[in-house]
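A.B. asks: Have a peek at structure_1.tsv (TSV, C-alpha atoms).
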chain	number	residue	atom	x	y	z
J	1	MET	CA	-11.72	4.98	11.30
J	2	GLU	CA	-13.73	3.55	8.44
J	3	LYS	CA	-12.62	0.80	6.12
J	4	VAL	CA	-12.00	1.63	2.47
J	5	ASN	CA	-13.23	-0.53	-0.38
J	6	LEU	CA	-10.91	0.13	-3.31
J	7	THR	CA	-13.46	-0.74	-6.01
J	8	GLU	CA	-16.03	1.60	-4.50
J	9	LYS	CA	-13.52	4.42	-4.24
J	10	PHE	CA	-12.42	4.02	-7.84
J	11	GLU	CA	-16.08	4.27	-8.88
J	12	GLN	CA	-16.31	7.71	-7.27
J	13	PHE	CA	-14.15	9.55	-9.77
J	14	GLN	CA	-13.38	9.51	-13.45
J	15	GLU	CA	-10.57	12.04	-13.91
J	16	MET	CA	-7.27	10.67	-15.09
J	17	TRP	CA	-3.94	11.57	-13.50
J	18	SER	CA	-5.61	13.12	-10.46
J	19	PRO	CA	-4.65	11.22	-7.30
J	20	LYS	CA	-7.17	11.04	-4.45
J	21	ILE	CA	-6.14	10.40	-0.86
J	22	VAL	CA	-7.91	7.45	0.77
J	23	GLY	CA	-5.74	6.97	3.83
J	24	GLU	CA	-2.84	8.42	5.76
J	25	VAL	CA	-0.33	6.38	7.70
J	26	ASN	CA	1.87	8.69	9.70
J	27	ASN	CA	3.31	11.07	7.07
J	28	THR	CA	2.64	8.69	4.23
J	29	ALA	CA	-0.41	8.90	2.05
J	30	VAL	CA	-2.24	6.14	0.25
J	31	LYS	CA	-3.66	7.55	-2.94
J	32	LEU	CA	-5.77	6.14	-5.75
J	33	VAL	CA	-5.31	7.30	-9.30
J	34	LYS	CA	-6.65	6.38	-12.73
J	35	LEU	CA	-4.19	6.61	-15.59
J	36	LYS	CA	-4.72	6.63	-19.35
J	37	ASP	CA	-2.23	7.56	-22.06
J	38	GLU	CA	1.16	9.05	-21.30
J	39	PHE	CA	2.23	11.29	-18.44
J	40	VAL	CA	5.37	13.46	-18.32
J	41	TRP	CA	8.95	12.49	-17.55
J	42	HIS	CA	9.75	13.53	-14.00
J	43	HIS	CA	11.49	12.52	-10.82
J	44	HIS	CA	11.05	13.28	-7.13
J	45	ASP	CA	14.09	14.85	-5.51
J	46	ASN	CA	13.52	13.59	-1.97
J	47	GLU	CA	10.79	11.05	-2.06
J	48	ASP	CA	10.42	7.42	-3.02
J	49	GLU	CA	7.14	6.45	-4.63
J	50	LEU	CA	5.30	3.13	-4.77
J	51	PHE	CA	2.92	2.12	-7.57
J	52	LEU	CA	0.65	-0.92	-7.07
J	53	VAL	CA	-1.52	-1.88	-10.02
J	54	VAL	CA	-5.04	-2.70	-8.83
J	55	LYS	CA	-6.65	-3.05	-12.27
J	56	GLY	CA	-5.24	-3.05	-15.77
J	57	ARG	CA	-1.66	-2.85	-16.93
J	58	LEU	CA	0.89	-0.10	-16.54
J	59	LEU	CA	4.07	0.56	-18.44
J	60	MET	CA	6.71	2.31	-16.35
J	61	LYS	CA	9.40	3.73	-18.56
J	62	PHE	CA	12.85	4.53	-17.23
J	63	ARG	CA	15.66	6.12	-19.19
J	64	ASP	CA	17.34	2.75	-19.61
J	65	ARG	CA	14.48	0.25	-19.68
J	66	ASP	CA	10.75	-0.42	-19.61
J	67	VAL	CA	8.88	-2.32	-16.89
J	68	TRP	CA	5.36	-3.64	-17.42
J	69	LEU	CA	3.27	-3.95	-14.26
J	70	ASP	CA	0.23	-6.21	-14.18
J	71	GLU	CA	-2.51	-6.41	-11.59
J	72	GLY	CA	-1.08	-7.32	-8.21
J	73	GLU	CA	2.36	-6.02	-9.07
J	74	LEU	CA	4.13	-3.09	-7.46
J	75	ILE	CA	7.31	-1.15	-7.93
J	76	VAL	CA	9.11	1.32	-5.70
J	77	ILE	CA	10.74	4.17	-7.59
J	78	PRO	CA	13.58	5.59	-5.53
J	79	ARG	CA	14.02	9.32	-5.22
J	80	GLY	CA	15.93	10.88	-8.08
J	81	VAL	CA	15.02	8.25	-10.65
J	82	GLU	CA	13.36	9.65	-13.76
J	83	HIS	CA	10.23	7.80	-14.81
J	84	LEU	CA	7.34	8.07	-17.22
J	85	PRO	CA	4.11	6.19	-16.51
J	86	VAL	CA	2.29	5.10	-19.66
J	87	ALA	CA	-1.14	3.49	-19.77
J	88	PRO	CA	-2.15	2.27	-23.22
J	89	GLU	CA	-5.49	1.32	-21.64
J	90	GLU	CA	-7.01	2.73	-18.46
J	91	VAL	CA	-5.28	1.46	-15.35
J	92	HIS	CA	-6.14	1.83	-11.67
J	93	VAL	CA	-3.22	2.36	-9.35
J	94	LEU	CA	-2.68	2.61	-5.60
J	95	LEU	CA	0.18	4.93	-4.66
J	96	VAL	CA	2.13	4.99	-1.41
J	97	GLU	CA	4.22	8.11	-1.00
J	98	PRO	CA	4.73	11.03	1.38
J	99	ASN	CA	1.58	13.11	1.62
J	100	THR	CA	3.61	16.06	0.35
J	101	THR	CA	4.57	14.38	-2.94
J	102	LEU	CA	3.57	16.26	-6.08
J	103	ASN	CA	2.36	14.08	-8.93
J	104	THR	CA	4.71	15.73	-11.41
J	105	GLY	CA	7.71	15.76	-9.07
J	106	ASN	CA	10.37	18.21	-10.20
J	107	VAL	CA	8.23	19.39	-13.10
J	108	GLN	CA	5.41	21.86	-12.57
J	109	ASN	CA	3.01	22.30	-15.42
J	110	GLU	CA	-0.67	22.10	-16.28
J	111	ARG	CA	-0.74	18.48	-15.12
J	112	THR	CA	0.49	19.31	-11.62
J	113	ILE	CA	-2.14	18.80	-8.92
J	114	ALA	CA	-1.17	20.40	-5.64
J	115	ASN	CA	-4.28	20.06	-3.50
J	116	LEU	CA	-5.53	16.52	-3.47
J	117	GLN	CA	-9.09	15.58	-2.73
J	118	HIS	CA	-9.76	13.10	0.07
J	119	LEU	CA	-12.21	10.35	-0.79
X	1	MET	CA	14.64	-1.56	-8.55
X	2	GLU	CA	12.73	-4.71	-9.40
X	3	LYS	CA	8.99	-5.06	-9.55
X	4	VAL	CA	7.24	-7.20	-6.96
X	5	ASN	CA	4.51	-9.69	-7.83
X	6	LEU	CA	2.40	-10.11	-4.71
X	7	THR	CA	1.21	-13.63	-5.55
X	8	GLU	CA	4.76	-14.85	-6.13
X	9	LYS	CA	5.96	-13.28	-2.88
X	10	PHE	CA	3.16	-14.88	-0.87
X	11	GLU	CA	4.15	-18.26	-2.34
X	12	GLN	CA	7.65	-17.87	-0.90
X	13	PHE	CA	6.69	-18.29	2.75
X	14	GLN	CA	4.24	-20.22	4.85
X	15	GLU	CA	4.71	-18.92	8.40
X	16	MET	CA	1.76	-17.13	9.91
X	17	TRP	CA	2.04	-13.77	11.73
X	18	SER	CA	5.55	-13.17	10.43
X	19	PRO	CA	5.65	-10.03	8.26
X	20	LYS	CA	8.14	-9.90	5.38
X	21	ILE	CA	9.36	-6.64	3.89
X	22	VAL	CA	8.86	-6.35	0.13
X	23	GLY	CA	9.44	-2.64	-0.33
X	24	GLU	CA	10.46	0.53	1.43
X	25	VAL	CA	9.18	3.97	0.61
X	26	ASN	CA	11.14	6.54	2.53
X	27	ASN	CA	10.75	5.43	6.17
X	28	THR	CA	7.68	3.39	5.47
X	29	ALA	CA	7.75	-0.33	4.86
X	30	VAL	CA	5.42	-2.41	2.75
X	31	LYS	CA	5.14	-5.82	4.34
X	32	LEU	CA	3.33	-9.01	3.44
X	33	VAL	CA	1.92	-11.26	6.12
X	34	LYS	CA	-0.19	-14.40	6.28
X	35	LEU	CA	-2.63	-14.61	9.17
X	36	LYS	CA	-4.59	-17.52	10.60
X	37	ASP	CA	-6.46	-17.72	13.90
X	38	GLU	CA	-6.26	-15.00	16.51
X	39	PHE	CA	-3.41	-12.64	17.34
X	40	VAL	CA	-3.00	-10.65	20.58
X	41	TRP	CA	-4.63	-7.40	21.63
X	42	HIS	CA	-2.14	-4.59	21.19
X	43	HIS	CA	-1.69	-1.02	20.05
X	44	HIS	CA	1.15	1.03	18.63
X	45	ASP	CA	2.06	4.07	20.71
X	46	ASN	CA	3.41	6.26	17.91
X	47	GLU	CA	2.58	4.60	14.64
X	48	ASP	CA	-0.43	4.27	12.41
X	49	GLU	CA	-0.79	0.98	10.60
X	50	LEU	CA	-2.55	0.10	7.35
X	51	PHE	CA	-3.98	-3.35	6.57
X	52	LEU	CA	-4.99	-4.16	2.98
X	53	VAL	CA	-6.55	-7.58	2.42
X	54	VAL	CA	-5.08	-9.18	-0.71
X	55	LYS	CA	-6.72	-12.61	-0.32
X	56	GLY	CA	-9.27	-13.97	2.11
X	57	ARG	CA	-11.20	-12.21	4.83
X	58	LEU	CA	-9.97	-10.53	8.00
X	59	LEU	CA	-11.83	-9.63	11.14
X	60	MET	CA	-10.38	-6.60	12.89
X	61	LYS	CA	-11.68	-6.40	16.42
X	62	PHE	CA	-11.67	-3.13	18.34
X	63	ARG	CA	-12.75	-2.69	21.94
X	64	ASP	CA	-16.07	-1.24	20.82
X	65	ARG	CA	-16.80	-2.95	17.50
X	66	ASP	CA	-15.80	-5.47	14.86
X	67	VAL	CA	-14.87	-4.67	11.25
X	68	TRP	CA	-14.76	-7.35	8.56
X	69	LEU	CA	-12.34	-6.67	5.71
X	70	ASP	CA	-12.76	-8.45	2.40
X	71	GLU	CA	-10.34	-8.65	-0.51
X	72	GLY	CA	-9.58	-5.19	-1.85
X	73	GLU	CA	-10.50	-3.49	1.43
X	74	LEU	CA	-8.14	-1.58	3.69
X	75	ILE	CA	-8.23	0.09	7.06
X	76	VAL	CA	-5.86	2.49	8.76
X	77	ILE	CA	-5.54	1.93	12.48
X	78	PRO	CA	-4.41	5.15	14.15
X	79	ARG	CA	-1.71	5.09	16.78
X	80	GLY	CA	-2.99	4.28	20.23
X	81	VAL	CA	-6.03	2.30	19.11
X	82	GLU	CA	-6.18	-1.22	20.51
X	83	HIS	CA	-6.90	-3.88	17.94
X	84	LEU	CA	-7.00	-7.64	17.56
X	85	PRO	CA	-6.68	-9.18	14.10
X	86	VAL	CA	-8.58	-12.45	13.74
X	87	ALA	CA	-8.47	-14.74	10.72
X	88	PRO	CA	-10.96	-17.62	10.89
X	89	GLU	CA	-9.43	-18.79	7.60
X	90	GLU	CA	-6.00	-17.97	6.24
X	91	VAL	CA	-5.78	-14.42	4.95
X	92	HIS	CA	-3.05	-12.60	3.02
X	93	VAL	CA	-2.46	-9.01	4.00
X	94	LEU	CA	-0.33	-6.12	2.78
X	95	LEU	CA	0.78	-3.80	5.57
X	96	VAL	CA	1.95	-0.21	5.25
X	97	GLU	CA	3.63	1.07	8.37
X	98	PRO	CA	6.91	2.59	9.57
X	99	ASN	CA	9.74	0.15	9.05
X	100	THR	CA	10.35	0.28	12.81
X	101	THR	CA	6.87	-0.98	13.73
X	102	LEU	CA	6.79	-4.12	15.85
X	103	ASN	CA	4.05	-6.57	14.98
X	104	THR	CA	2.88	-6.81	18.59
X	105	GLY	CA	3.10	-3.07	19.26
X	106	ASN	CA	3.20	-2.31	22.97
X	107	VAL	CA	3.18	-6.00	23.86
X	108	GLN	CA	6.35	-8.06	23.66
X	109	ASN	CA	5.96	-11.78	23.89
X	110	GLU	CA	6.75	-14.97	22.01
X	111	ARG	CA	4.85	-13.67	19.01
X	112	THR	CA	6.99	-10.55	18.68
X	113	ILE	CA	9.19	-10.53	15.58
X	114	ALA	CA	11.86	-7.86	15.71
X	115	ASN	CA	14.05	-8.63	12.71
X	116	LEU	CA	12.02	-8.95	9.58
X	117	GLN	CA	13.13	-10.86	6.55
X	118	HIS	CA	13.26	-9.06	3.21
X	119	LEU	CA	11.71	-10.96	0.33
Let me see the structure of the file written as structure tokens.
C.D. replies:
Amino acid sequence: MEKVNLTEKFEQFQEMWSPKIVGEVNNTAVKLVKLKDEFVWHHHDNEDELFLVVKGRLLMKFRDRDVWLDEGELIVIPRGVEHLPVAPEEVHVLLVEPNTTLNTGNVQNERTIANLQHL
Amino acid sequence: MEKVNLTEKFEQFQEMWSPKIVGEVNNTAVKLVKLKDEFVWHHHDNEDELFLVVKGRLLMKFRDRDVWLDEGELIVIPRGVEHLPVAPEEVHVLLVEPNTTLNTGNVQNERTIANLQHL
């Protein structure tokens, strides 16, 4: 049971779009991820997903609108809702989601990461 | 599906030790709480609990050691582990825990808050 310093953890990896697990709370994982550029449209059939911006600025695109998230802002994306994260500049994000959640949701492609590293 | 600005949410309440729900991810709640002074020793029989310090400094006491948490630091307290949060100065904390978790865990007293407000 060690504490986690978010800044230190973010310094430990450079890959983009590759979530790392830093804590587990029951069946829910807390993951850190760095984002840059555009991801892929996807949704999660059975899982809600929370994005909290720790550093930078994130654009979350939905089919009917765009939401900009600044540092200290979070959004919960309910299951089934299509979304596309876009990061014009590098952004550091804390995710809260079931530890079984796949980053690409219903889509499986070369950006899918199934086995997450623990930091 | 609205975004949540943590600073704005913290400005909406002043009570100490009274968690407010700002988001739900599956069966997990994200709660905001302001802490000042000392709480009560307790544990949670079946639930892990995550504390992330958003502002200020939190002392988490365990039976065998103390852990200081600064801004941007988190700790997961596994089920069954007795803990005592202490805030010499006011501290703002984001909690991730099952939405059924009682703030006082196994202890029920005048500090127990069973019905949490949504912000």
A.B. asks: For Val54 of chain X, please output as a PyMOL selection string all residues within 12 Å (counting all atoms listed in the file; exclusion window: fewer than 5 positions along the same chain).
C.D. replies: (chain J and resi 5-6+52+54+71-73) or (chain X and resi 5-7+9-10+31-35+69-74+90-95)
A.B. asks: Rounded to one decimal, what separation in Å do you get between atom CA of Pro85 of chain X and atom CA of Gly56 of chain X?
C.D. replies: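 Those two atoms sit 13.2 Å apart.
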A.B. asks: Quote the spacing between atom CA of Lys20 of chain J and atom CA of Leu116 of chain J in Å to one decimal place.
C.D. replies: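 Atom CA of Leu116 of chain J lies at a distance of 5.8 Å from atom CA of Lys20 of chain J.
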A.B. asks: Show me, as a PDB file with C-alpha atoms, in the coordinates of the input, every residue of chain X with an atom at most 8 Å from chain J, counting all atoms listed in the file.
C.D. replies:
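Output below, filename out_5.pdb:
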ATOM      1  CA  MET X   1      14.640  -1.560  -8.550  1.00  0.00           C
ATOM      2  CA  GLU X   2      12.730  -4.710  -9.400  1.00  0.00           C
ATOM      3  CA  LYS X   3       8.990  -5.060  -9.550  1.00  0.00           C
ATOM      4  CA  VAL X   4       7.240  -7.200  -6.960  1.00  0.00           C
ATOM      5  CA  ASN X   5       4.510  -9.690  -7.830  1.00  0.00           C
ATOM      6  CA  LEU X   6       2.400 -10.110  -4.710  1.00  0.00           C
ATOM      7  CA  THR X   7       1.210 -13.630  -5.550  1.00  0.00           C
ATOM      8  CA  GLY X  23       9.440  -2.640  -0.330  1.00  0.00           C
ATOM      9  CA  GLU X  24      10.460   0.530   1.430  1.00  0.00           C
ATOM     10  CA  VAL X  25       9.180   3.970   0.610  1.00  0.00           C
ATOM     11  CA  ASN X  26      11.140   6.540   2.530  1.00  0.00           C
ATOM     12  CA  THR X  28       7.680   3.390   5.470  1.00  0.00           C
ATOM     13  CA  GLU X  47       2.580   4.600  14.640  1.00  0.00           C
ATOM     14  CA  ASP X  48      -0.430   4.270  12.410  1.00  0.00           C
ATOM     15  CA  GLU X  49      -0.790   0.980  10.600  1.00  0.00           C
ATOM     16  CA  LEU X  50      -2.550   0.100   7.350  1.00  0.00           C
ATOM     17  CA  VAL X  67     -14.870  -4.670  11.250  1.00  0.00           C
ATOM     18  CA  LEU X  69     -12.340  -6.670   5.710  1.00  0.00           C
ATOM     19  CA  GLY X  72      -9.580  -5.190  -1.850  1.00  0.00           C
ATOM     20  CA  GLU X  73     -10.500  -3.490   1.430  1.00  0.00           C
ATOM     21  CA  LEU X  74      -8.140  -1.580   3.690  1.00  0.00           C
ATOM     22  CA  ILE X  75      -8.230   0.090   7.060  1.00  0.00           C
ATOM     23  CA  VAL X  76      -5.860   2.490   8.760  1.00  0.00           C
ATOM     24  CA  ILE X  77      -5.540   1.930  12.480  1.00  0.00           C
ATOM     25  CA  PRO X  78      -4.410   5.150  14.150  1.00  0.00           C
ATOM     26  CA  VAL X  96       1.950  -0.210   5.250  1.00  0.00           C
ATOM     27  CA  GLU X  97       3.630   1.070   8.370  1.00  0.00           C
ATOM     28  CA  PRO X  98       6.910   2.590   9.570  1.00  0.00           C
TER      29      PRO X  98
END
A.B. asks: If the box runs along x, y and z of the file and leaves 4 Å on each side of segment 47-53 of chain J, what are its centre and edge lengths in Å, one decimal, as JSON?
C.D. replies:
{"center_x": 4.6, "center_y": 4.6, "center_z": -6.0, "size_x": 20.3, "size_y": 20.9, "size_z": 16.0}
A.B. asks: Have a look at X:His44, X:Met16, X:Arg65, X:Glu38 and name the one nearest to Leu102 of chain X; count only C-alpha atoms.
C.D. replies: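 Once distances to Leu102 of chain X are computed over only C-alpha atoms, the minimum belongs to X:His44.
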A.B. asks: Please identify all polymer residues within 10 Å of Phe62 of chain X, counting only C-alpha atoms, omitting same-chain residues fewer than 6 positions from it, and present them as an MDAnalysis selection string.
C.D. replies: chainID X and resid 41 77 81:85
A.B. asks: Give me segment 73-107 of chain J with N, CA and C atoms filled in, as a PDB file, in the frame of the given file.
C.D. replies:
ATOM      1  N   GLU J  73       0.920  -6.264  -9.044  1.00  0.00           N
ATOM      2  CA  GLU J  73       2.360  -6.020  -9.070  1.00  0.00           C
ATOM      3  C   GLU J  73       2.646  -4.581  -8.648  1.00  0.00           C
ATOM      4  N   LEU J  74       3.750  -4.426  -7.937  1.00  0.00           N
ATOM      5  CA  LEU J  74       4.130  -3.090  -7.460  1.00  0.00           C
ATOM      6  C   LEU J  74       5.588  -2.835  -7.776  1.00  0.00           C
ATOM      7  N   ILE J  75       5.916  -1.541  -7.788  1.00  0.00           N
ATOM      8  CA  ILE J  75       7.310  -1.150  -7.930  1.00  0.00           C
ATOM      9  C   ILE J  75       7.549   0.087  -7.068  1.00  0.00           C
ATOM     10  N   VAL J  76       8.711   0.135  -6.456  1.00  0.00           N
ATOM     11  CA  VAL J  76       9.110   1.320  -5.700  1.00  0.00           C
ATOM     12  C   VAL J  76      10.131   2.080  -6.555  1.00  0.00           C
ATOM     13  N   ILE J  77       9.831   3.332  -6.808  1.00  0.00           N
ATOM     14  CA  ILE J  77      10.740   4.170  -7.590  1.00  0.00           C
ATOM     15  C   ILE J  77      11.504   5.059  -6.616  1.00  0.00           C
ATOM     16  N   PRO J  78      12.809   4.815  -6.500  1.00  0.00           N
ATOM     17  CA  PRO J  78      13.580   5.590  -5.530  1.00  0.00           C
ATOM     18  C   PRO J  78      13.667   7.063  -5.943  1.00  0.00           C
ATOM     19  N   ARG J  79      13.854   7.889  -4.949  1.00  0.00           N
ATOM     20  CA  ARG J  79      14.020   9.320  -5.220  1.00  0.00           C
ATOM     21  C   ARG J  79      15.103   9.541  -6.268  1.00  0.00           C
ATOM     22  N   GLY J  80      14.904  10.522  -7.096  1.00  0.00           N
ATOM     23  CA  GLY J  80      15.930  10.880  -8.080  1.00  0.00           C
ATOM     24  C   GLY J  80      15.847  10.127  -9.386  1.00  0.00           C
ATOM     25  N   VAL J  81      15.070   9.068  -9.432  1.00  0.00           N
ATOM     26  CA  VAL J  81      15.020   8.250 -10.650  1.00  0.00           C
ATOM     27  C   VAL J  81      13.926   8.771 -11.583  1.00  0.00           C
ATOM     28  N   GLU J  82      14.332   9.157 -12.775  1.00  0.00           N
ATOM     29  CA  GLU J  82      13.360   9.650 -13.760  1.00  0.00           C
ATOM     30  C   GLU J  82      12.459   8.511 -14.234  1.00  0.00           C
ATOM     31  N   HIS J  83      11.171   8.823 -14.351  1.00  0.00           N
ATOM     32  CA  HIS J  83      10.230   7.800 -14.810  1.00  0.00           C
ATOM     33  C   HIS J  83       9.089   8.453 -15.576  1.00  0.00           C
ATOM     34  N   LEU J  84       8.470   7.630 -16.397  1.00  0.00           N
ATOM     35  CA  LEU J  84       7.340   8.070 -17.220  1.00  0.00           C
ATOM     36  C   LEU J  84       6.290   6.976 -17.208  1.00  0.00           C
ATOM     37  N   PRO J  85       5.197   7.173 -16.478  1.00  0.00           N
ATOM     38  CA  PRO J  85       4.110   6.190 -16.510  1.00  0.00           C
ATOM     39  C   PRO J  85       3.336   6.303 -17.825  1.00  0.00           C
ATOM     40  N   VAL J  86       3.046   5.154 -18.407  1.00  0.00           N
ATOM     41  CA  VAL J  86       2.290   5.100 -19.660  1.00  0.00           C
ATOM     42  C   VAL J  86       1.197   4.039 -19.512  1.00  0.00           C
ATOM     43  N   ALA J  87      -0.018   4.411 -19.873  1.00  0.00           N
ATOM     44  CA  ALA J  87      -1.140   3.490 -19.770  1.00  0.00           C
ATOM     45  C   ALA J  87      -1.847   3.411 -21.113  1.00  0.00           C
ATOM     46  N   PRO J  88      -1.489   2.418 -21.911  1.00  0.00           N
ATOM     47  CA  PRO J  88      -2.150   2.270 -23.220  1.00  0.00           C
ATOM     48  C   PRO J  88      -3.665   2.114 -23.059  1.00  0.00           C
ATOM     49  N   GLU J  89      -4.069   1.404 -22.003  1.00  0.00           N
ATOM     50  CA  GLU J  89      -5.490   1.320 -21.640  1.00  0.00           C
ATOM     51  C   GLU J  89      -5.609   1.849 -20.216  1.00  0.00           C
ATOM     52  N   GLU J  90      -6.819   2.189 -19.810  1.00  0.00           N
ATOM     53  CA  GLU J  90      -7.010   2.730 -18.460  1.00  0.00           C
ATOM     54  C   GLU J  90      -6.498   1.758 -17.402  1.00  0.00           C
ATOM     55  N   VAL J  91      -5.803   2.291 -16.422  1.00  0.00           N
ATOM     56  CA  VAL J  91      -5.280   1.460 -15.350  1.00  0.00           C
ATOM     57  C   VAL J  91      -5.559   2.146 -14.020  1.00  0.00           C
ATOM     58  N   HIS J  92      -5.838   1.316 -13.012  1.00  0.00           N
ATOM     59  CA  HIS J  92      -6.140   1.830 -11.670  1.00  0.00           C
ATOM     60  C   HIS J  92      -4.974   1.490 -10.753  1.00  0.00           C
ATOM     61  N   VAL J  93      -4.459   2.515 -10.097  1.00  0.00           N
ATOM     62  CA  VAL J  93      -3.220   2.360  -9.350  1.00  0.00           C
ATOM     63  C   VAL J  93      -3.386   2.872  -7.918  1.00  0.00           C
ATOM     64  N   LEU J  94      -2.789   2.149  -6.990  1.00  0.00           N
ATOM     65  CA  LEU J  94      -2.680   2.610  -5.600  1.00  0.00           C
ATOM     66  C   LEU J  94      -1.243   3.105  -5.413  1.00  0.00           C
ATOM     67  N   LEU J  95      -1.126   4.327  -4.902  1.00  0.00           N
ATOM     68  CA  LEU J  95       0.180   4.930  -4.660  1.00  0.00           C
ATOM     69  C   LEU J  95       0.457   4.993  -3.164  1.00  0.00           C
ATOM     70  N   VAL J  96       1.692   4.760  -2.786  1.00  0.00           N
ATOM     71  CA  VAL J  96       2.130   4.990  -1.410  1.00  0.00           C
ATOM     72  C   VAL J  96       3.321   5.933  -1.490  1.00  0.00           C
ATOM     73  N   GLU J  97       3.173   7.097  -0.897  1.00  0.00           N
ATOM     74  CA  GLU J  97       4.220   8.110  -1.000  1.00  0.00           C
ATOM     75  C   GLU J  97       3.972   9.166   0.075  1.00  0.00           C
ATOM     76  N   PRO J  98       4.961   9.990   0.377  1.00  0.00           N
ATOM     77  CA  PRO J  98       4.730  11.030   1.380  1.00  0.00           C
ATOM     78  C   PRO J  98       3.526  11.881   0.983  1.00  0.00           C
ATOM     79  N   ASN J  99       2.786  12.344   1.976  1.00  0.00           N
ATOM     80  CA  ASN J  99       1.580  13.110   1.620  1.00  0.00           C
ATOM     81  C   ASN J  99       1.917  14.463   1.002  1.00  0.00           C
ATOM     82  N   THR J 100       3.185  14.812   0.991  1.00  0.00           N
ATOM     83  CA  THR J 100       3.610  16.060   0.350  1.00  0.00           C
ATOM     84  C   THR J 100       4.031  15.877  -1.115  1.00  0.00           C
ATOM     85  N   THR J 101       4.068  14.637  -1.581  1.00  0.00           N
ATOM     86  CA  THR J 101       4.570  14.380  -2.940  1.00  0.00           C
ATOM     87  C   THR J 101       3.682  15.003  -4.009  1.00  0.00           C
ATOM     88  N   LEU J 102       4.286  15.718  -4.923  1.00  0.00           N
ATOM     89  CA  LEU J 102       3.570  16.260  -6.080  1.00  0.00           C
ATOM     90  C   LEU J 102       3.574  15.224  -7.190  1.00  0.00           C
ATOM     91  N   ASN J 103       2.444  15.108  -7.890  1.00  0.00           N
ATOM     92  CA  ASN J 103       2.360  14.080  -8.930  1.00  0.00           C
ATOM     93  C   ASN J 103       3.403  14.259 -10.035  1.00  0.00           C
ATOM     94  N   THR J 104       3.752  15.496 -10.325  1.00  0.00           N
ATOM     95  CA  THR J 104       4.710  15.730 -11.410  1.00  0.00           C
ATOM     96  C   THR J 104       6.143  15.936 -10.899  1.00  0.00           C
ATOM     97  N   GLY J 105       6.356  15.732  -9.605  1.00  0.00           N
ATOM     98  CA  GLY J 105       7.710  15.760  -9.070  1.00  0.00           C
ATOM     99  C   GLY J 105       8.393  17.088  -9.302  1.00  0.00           C
ATOM    100  N   ASN J 106       9.554  17.016  -9.953  1.00  0.00           N
ATOM    101  CA  ASN J 106      10.370  18.210 -10.200  1.00  0.00           C
ATOM    102  C   ASN J 106       9.804  19.120 -11.277  1.00  0.00           C
ATOM    103  N   VAL J 107       8.825  18.623 -12.003  1.00  0.00           N
ATOM    104  CA  VAL J 107       8.230  19.390 -13.100  1.00  0.00           C
ATOM    105  C   VAL J 107       6.929  20.020 -12.593  1.00  0.00           C
TER     106      VAL J 107
END
